[in-house]
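Chemist: Okay, so here is work-v7.cif, and as you'll see once you scroll down, it has mmCIF, C-alpha atoms.
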data_data
loop_
_atom_site.label_atom_id
_atom_site.label_comp_id
_atom_site.auth_asym_id
_atom_site.auth_seq_id
_atom_site.Cartn_x
_atom_site.Cartn_y
_atom_site.Cartn_z
CA MET A 1 -9.52 -12.19 4.25
CA THR A 2 -11.17 -12.02 7.65
CA GLU A 3 -14.19 -9.75 7.95
CA THR A 4 -14.03 -7.44 10.95
CA ALA A 5 -16.88 -6.25 13.11
CA ALA A 6 -18.13 -2.69 12.98
CA PRO A 7 -16.30 -0.31 15.35
CA VAL A 8 -17.45 -0.29 18.95
CA TYR A 9 -18.47 3.18 20.11
CA ALA A 10 -18.66 3.81 23.84
CA PRO A 11 -17.66 6.48 26.33
CA GLY A 12 -13.96 6.21 27.14
CA LYS A 13 -12.94 4.62 23.82
CA ILE A 14 -9.71 5.92 22.29
CA CYS A 15 -10.97 6.94 18.89
CA TYR A 16 -8.72 9.48 17.17
CA ILE A 17 -5.04 10.34 16.95
CA GLU A 18 -3.31 13.43 15.60
CA MET A 19 0.14 12.23 14.61
CA PRO A 20 3.00 14.67 13.95
CA ALA A 21 4.68 14.34 10.56
CA ARG A 22 7.51 16.09 8.76
CA ASP A 23 6.16 14.87 5.41
CA ILE A 24 2.56 13.63 5.45
CA ALA A 25 2.84 11.51 2.29
CA GLU A 26 5.99 9.82 3.62
CA SER A 27 4.38 9.06 6.99
CA ALA A 28 1.20 7.75 5.35
CA ALA A 29 3.22 5.46 3.08
CA PHE A 30 5.24 4.20 6.06
CA TYR A 31 2.21 3.17 8.12
CA GLU A 32 0.47 1.65 5.12
CA ARG A 33 3.54 -0.48 4.24
CA ALA A 34 4.64 -1.37 7.78
CA PHE A 35 1.24 -2.05 9.39
CA GLY A 36 -1.38 -2.17 6.63
CA TRP A 37 -3.28 0.92 7.79
CA ASN A 38 -5.98 2.20 5.47
CA ILE A 39 -4.95 5.60 4.11
CA ARG A 40 -7.71 7.91 2.91
CA GLU A 41 -8.52 11.53 2.19
CA ARG A 42 -10.93 13.28 4.55
CA GLY A 43 -13.65 15.57 3.26
CA ASP A 44 -11.42 18.58 3.96
CA GLY A 45 -8.60 17.08 1.90
CA ALA A 46 -6.39 16.00 4.83
CA THR A 47 -4.62 12.65 4.62
CA SER A 48 -5.99 10.42 7.34
CA PHE A 49 -5.86 6.78 8.41
CA ASP A 50 -7.80 3.94 9.97
CA ASP A 51 -6.10 1.09 11.80
CA THR A 52 -6.43 -2.43 10.41
CA VAL A 53 -9.62 -3.20 12.33
CA GLY A 54 -11.31 0.16 11.78
CA GLN A 55 -11.40 0.97 15.49
CA VAL A 56 -9.01 3.94 15.61
CA SER A 57 -8.61 6.69 13.05
CA GLY A 58 -6.53 9.80 12.83
CA VAL A 59 -4.70 12.33 10.74
CA TRP A 60 -1.12 13.42 10.18
CA THR A 61 -0.28 17.02 10.89
CA THR A 62 2.77 19.18 10.39
CA ASP A 63 1.54 21.57 13.12
CA LEU A 64 2.83 19.44 16.03
CA PRO A 65 6.41 18.60 17.00
CA PRO A 66 7.32 14.91 16.74
CA ALA A 67 6.97 12.79 19.87
CA THR A 68 10.67 11.88 19.86
CA GLU A 69 10.89 10.74 23.45
CA PRO A 70 8.49 8.08 24.66
CA GLY A 71 6.42 9.52 27.49
CA LEU A 72 2.95 8.30 26.71
CA ARG A 73 3.64 5.03 24.90
CA VAL A 74 1.33 4.01 22.09
CA PHE A 75 1.73 0.39 20.94
CA ILE A 76 0.63 -1.28 17.73
CA MET A 77 -0.36 -4.93 18.14
CA VAL A 78 1.45 -7.47 15.95
CA ALA A 79 1.36 -11.23 15.51
CA ARG A 80 5.12 -11.73 15.24
CA ILE A 81 7.56 -9.12 16.52
CA GLN A 82 10.40 -10.08 14.19
CA ASP A 83 8.15 -9.72 11.13
CA ALA A 84 6.99 -6.32 12.43
CA ILE A 85 10.56 -5.15 13.05
CA GLU A 86 11.51 -6.13 9.50
CA ALA A 87 8.43 -4.33 8.13
CA VAL A 88 9.25 -1.16 10.11
CA VAL A 89 12.84 -1.07 8.85
CA SER A 90 11.84 -1.98 5.28
CA ALA A 91 9.25 0.81 5.24
CA GLY A 92 11.80 3.43 6.35
CA GLY A 93 11.56 3.39 10.14
CA GLU A 94 14.21 2.46 12.65
CA ILE A 95 14.24 0.44 15.85
CA ALA A 96 14.71 2.77 18.83
CA ARG A 97 14.67 0.04 21.48
CA PRO A 98 15.00 -3.62 20.51
CA VAL A 99 13.19 -6.49 22.16
CA ASP A 100 14.54 -7.27 25.63
CA PRO A 101 14.95 -11.06 25.77
CA ALA A 102 14.72 -10.95 29.58
CA SER A 103 11.31 -9.25 29.54
CA SER A 104 8.15 -11.27 30.17
CA GLU A 105 6.42 -9.24 27.42
CA VAL A 106 7.61 -9.10 23.80
CA TRP A 107 7.78 -5.50 22.60
CA ALA A 108 10.07 -2.98 20.94
CA LEU A 109 10.06 0.75 20.23
CA PHE A 110 10.49 2.22 16.75
CA ARG A 111 10.95 5.67 15.26
CA ASP A 112 8.78 6.53 12.25
CA PRO A 113 9.89 8.82 9.38
CA GLY A 114 8.37 11.81 11.22
CA GLY A 115 10.58 11.19 14.27
CA ASN A 116 7.78 9.83 16.49
CA VAL A 117 8.59 6.95 18.83
CA LEU A 118 5.89 4.28 19.11
CA GLY A 119 5.86 0.66 20.19
CA ILE A 120 5.05 -2.69 18.70
CA TYR A 121 3.66 -5.38 20.99
CA GLN A 122 3.50 -9.08 20.17
CA ASP A 123 0.23 -10.48 21.46
CA PRO A 124 0.98 -14.06 22.60
CA SER A 125 -2.19 -15.50 21.07
CA LEU A 126 -2.59 -13.39 17.93
CA ALA A 127 -0.53 -15.52 15.54
CA GLU A 128 -2.42 -18.63 16.67
CA ALA A 129 -5.81 -16.93 16.37
CA LEU A 130 -4.96 -15.83 12.84
CA GLY A 131 -3.88 -19.34 11.93
CA ASP A 132 -0.26 -18.24 11.52
CA ALA A 133 1.25 -20.15 14.42
#
How does this structure look as structure tokens?

Modeler:
Amino acid sequence: MTETAAPVYAPGKICYIEMPARDIAESAAFYERAFGWNIRERGDGATSFDDTVGQVSGVWTTDLPPATEPGLRVFIMVARIQDAIEAVVSAGGEIARPVDPASSEVWALFRDPGGNVLGIYQDPSLAEALGDA
């Protein structure tokens, strides 16, 4: 396992996300299975998460409507898009917009169990950097 550096804190950093959920436990399980996010309980008892590198954290909430239409697009970085698509579907999500083979960038949109639409983006050098090329 690769050890990651401590989070970088600086003005302007995106640091926290409140993600709408219909069922918090279902959404937490989805992101843990599909992307390996660390799921934890906050001091107030809320179910929260940290991304895989500990740079962004957040919480699921049933107080917000799902982001069903992509306006502001949030993307999750992946090494291989096809593996990520399979993980999303296997974990209970669905592909909302498949990869466009004519695009110069490799990305797709998915819908999570809460109805939110987010993206997955294949970084061209990530698989190689991880030794998975």

Chemist: Please report the interatomic distance between atom CA of Val53 of chain A and atom CA of Ser104 of chain A in Å with one decimal.

Modeler: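 A separation of 26.4 Å between them.
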
Chemist: For Gly115 of chain A, find every residue with an atom within 7 Å (counting only C-alpha atoms), except residues of its own chain fewer than 2 positions away, and show them as a list in words.

Modeler: Pro66, Ala67, Thr68, Arg111, Asp112, Pro113 and Val117 of chain A

Chemist: Check what the PyMOL selection byres ((chain A and resi 35-45) around 10) selects in the file above and give those residues as a list in words.

Modeler: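 Listing what the PyMOL selection byres ((chain A and resi 35-45) around 10) selects in the shown file: Ala25, Ala28, Ala29, Phe30, Tyr31, Glu32, Arg33, Ala34, Ala46, Thr47, Ser48, Phe49, Asp50, Asp51, Thr52, Val53, Gly54, Ser57, Gly58, Val59, Ile76, Met77, Val78, Ala84, Ala87, Val88 and Ala91 of chain A.
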
Chemist: Please produce a file of those selected residues containing C-alpha atoms, as a PDB file, in the coordinates of the input.

Modeler:
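Contents of selection32.pdb, freshly written:
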ATOM      1  CA  ALA A  25       2.840  11.510   2.290  1.00  0.00           C
ATOM      2  CA  ALA A  28       1.200   7.750   5.350  1.00  0.00           C
ATOM      3  CA  ALA A  29       3.220   5.460   3.080  1.00  0.00           C
ATOM      4  CA  PHE A  30       5.240   4.200   6.060  1.00  0.00           C
ATOM      5  CA  TYR A  31       2.210   3.170   8.120  1.00  0.00           C
ATOM      6  CA  GLU A  32       0.470   1.650   5.120  1.00  0.00           C
ATOM      7  CA  ARG A  33       3.540  -0.480   4.240  1.00  0.00           C
ATOM      8  CA  ALA A  34       4.640  -1.370   7.780  1.00  0.00           C
ATOM      9  CA  ALA A  46      -6.390  16.000   4.830  1.00  0.00           C
ATOM     10  CA  THR A  47      -4.620  12.650   4.620  1.00  0.00           C
ATOM     11  CA  SER A  48      -5.990  10.420   7.340  1.00  0.00           C
ATOM     12  CA  PHE A  49      -5.860   6.780   8.410  1.00  0.00           C
ATOM     13  CA  ASP A  50      -7.800   3.940   9.970  1.00  0.00           C
ATOM     14  CA  ASP A  51      -6.100   1.090  11.800  1.00  0.00           C
ATOM     15  CA  THR A  52      -6.430  -2.430  10.410  1.00  0.00           C
ATOM     16  CA  VAL A  53      -9.620  -3.200  12.330  1.00  0.00           C
ATOM     17  CA  GLY A  54     -11.310   0.160  11.780  1.00  0.00           C
ATOM     18  CA  SER A  57      -8.610   6.690  13.050  1.00  0.00           C
ATOM     19  CA  GLY A  58      -6.530   9.800  12.830  1.00  0.00           C
ATOM     20  CA  VAL A  59      -4.700  12.330  10.740  1.00  0.00           C
ATOM     21  CA  ILE A  76       0.630  -1.280  17.730  1.00  0.00           C
ATOM     22  CA  MET A  77      -0.360  -4.930  18.140  1.00  0.00           C
ATOM     23  CA  VAL A  78       1.450  -7.470  15.950  1.00  0.00           C
ATOM     24  CA  ALA A  84       6.990  -6.320  12.430  1.00  0.00           C
ATOM     25  CA  ALA A  87       8.430  -4.330   8.130  1.00  0.00           C
ATOM     26  CA  VAL A  88       9.250  -1.160  10.110  1.00  0.00           C
ATOM     27  CA  ALA A  91       9.250   0.810   5.240  1.00  0.00           C
TER      28      ALA A  91
END

Chemist: Carefully work through the PyMOL selection byres ((chain A and resi 124-127) around 12) for this structure and note down the residues it includes, as a PyMOL selection string.

Modeler: chain A and resi 77-81+83+104-107+121-123+128-133

Chemist: Just to confirm, what's the straight-line distance from atom CA of Val56 of chain A to atom CA of Tyr16 of chain A in Å (one decimal)?

Modeler: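 The value is 5.8 Å.
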
Chemist: Could you work out an axis-aligned box for segment 40-57 of chain A, taking every atom the file lists and adding 4 Å on each side, and report centre and edge lengths in Å to one decimal, as lines of an AutoDock Vina configuration file?

Modeler:
center_x = -9.1
center_y = 7.7
center_z = 8.8
size_x = 17.0
size_y = 29.8
size_z = 21.7

Chemist: One decimal, Å: what's the distance from atom CA of Ser27 of chain A over to atom CA of Pro98 of chain A, could you say?

Modeler: 21.4 Å

Chemist: Check the smallest atom-to-atom distance from each of A:Thr61, A:Phe75, A:Glu26, A:Cys15 to Gly93 of chain A using all atoms listed in the file, then report the winner.

Modeler: A:Glu26
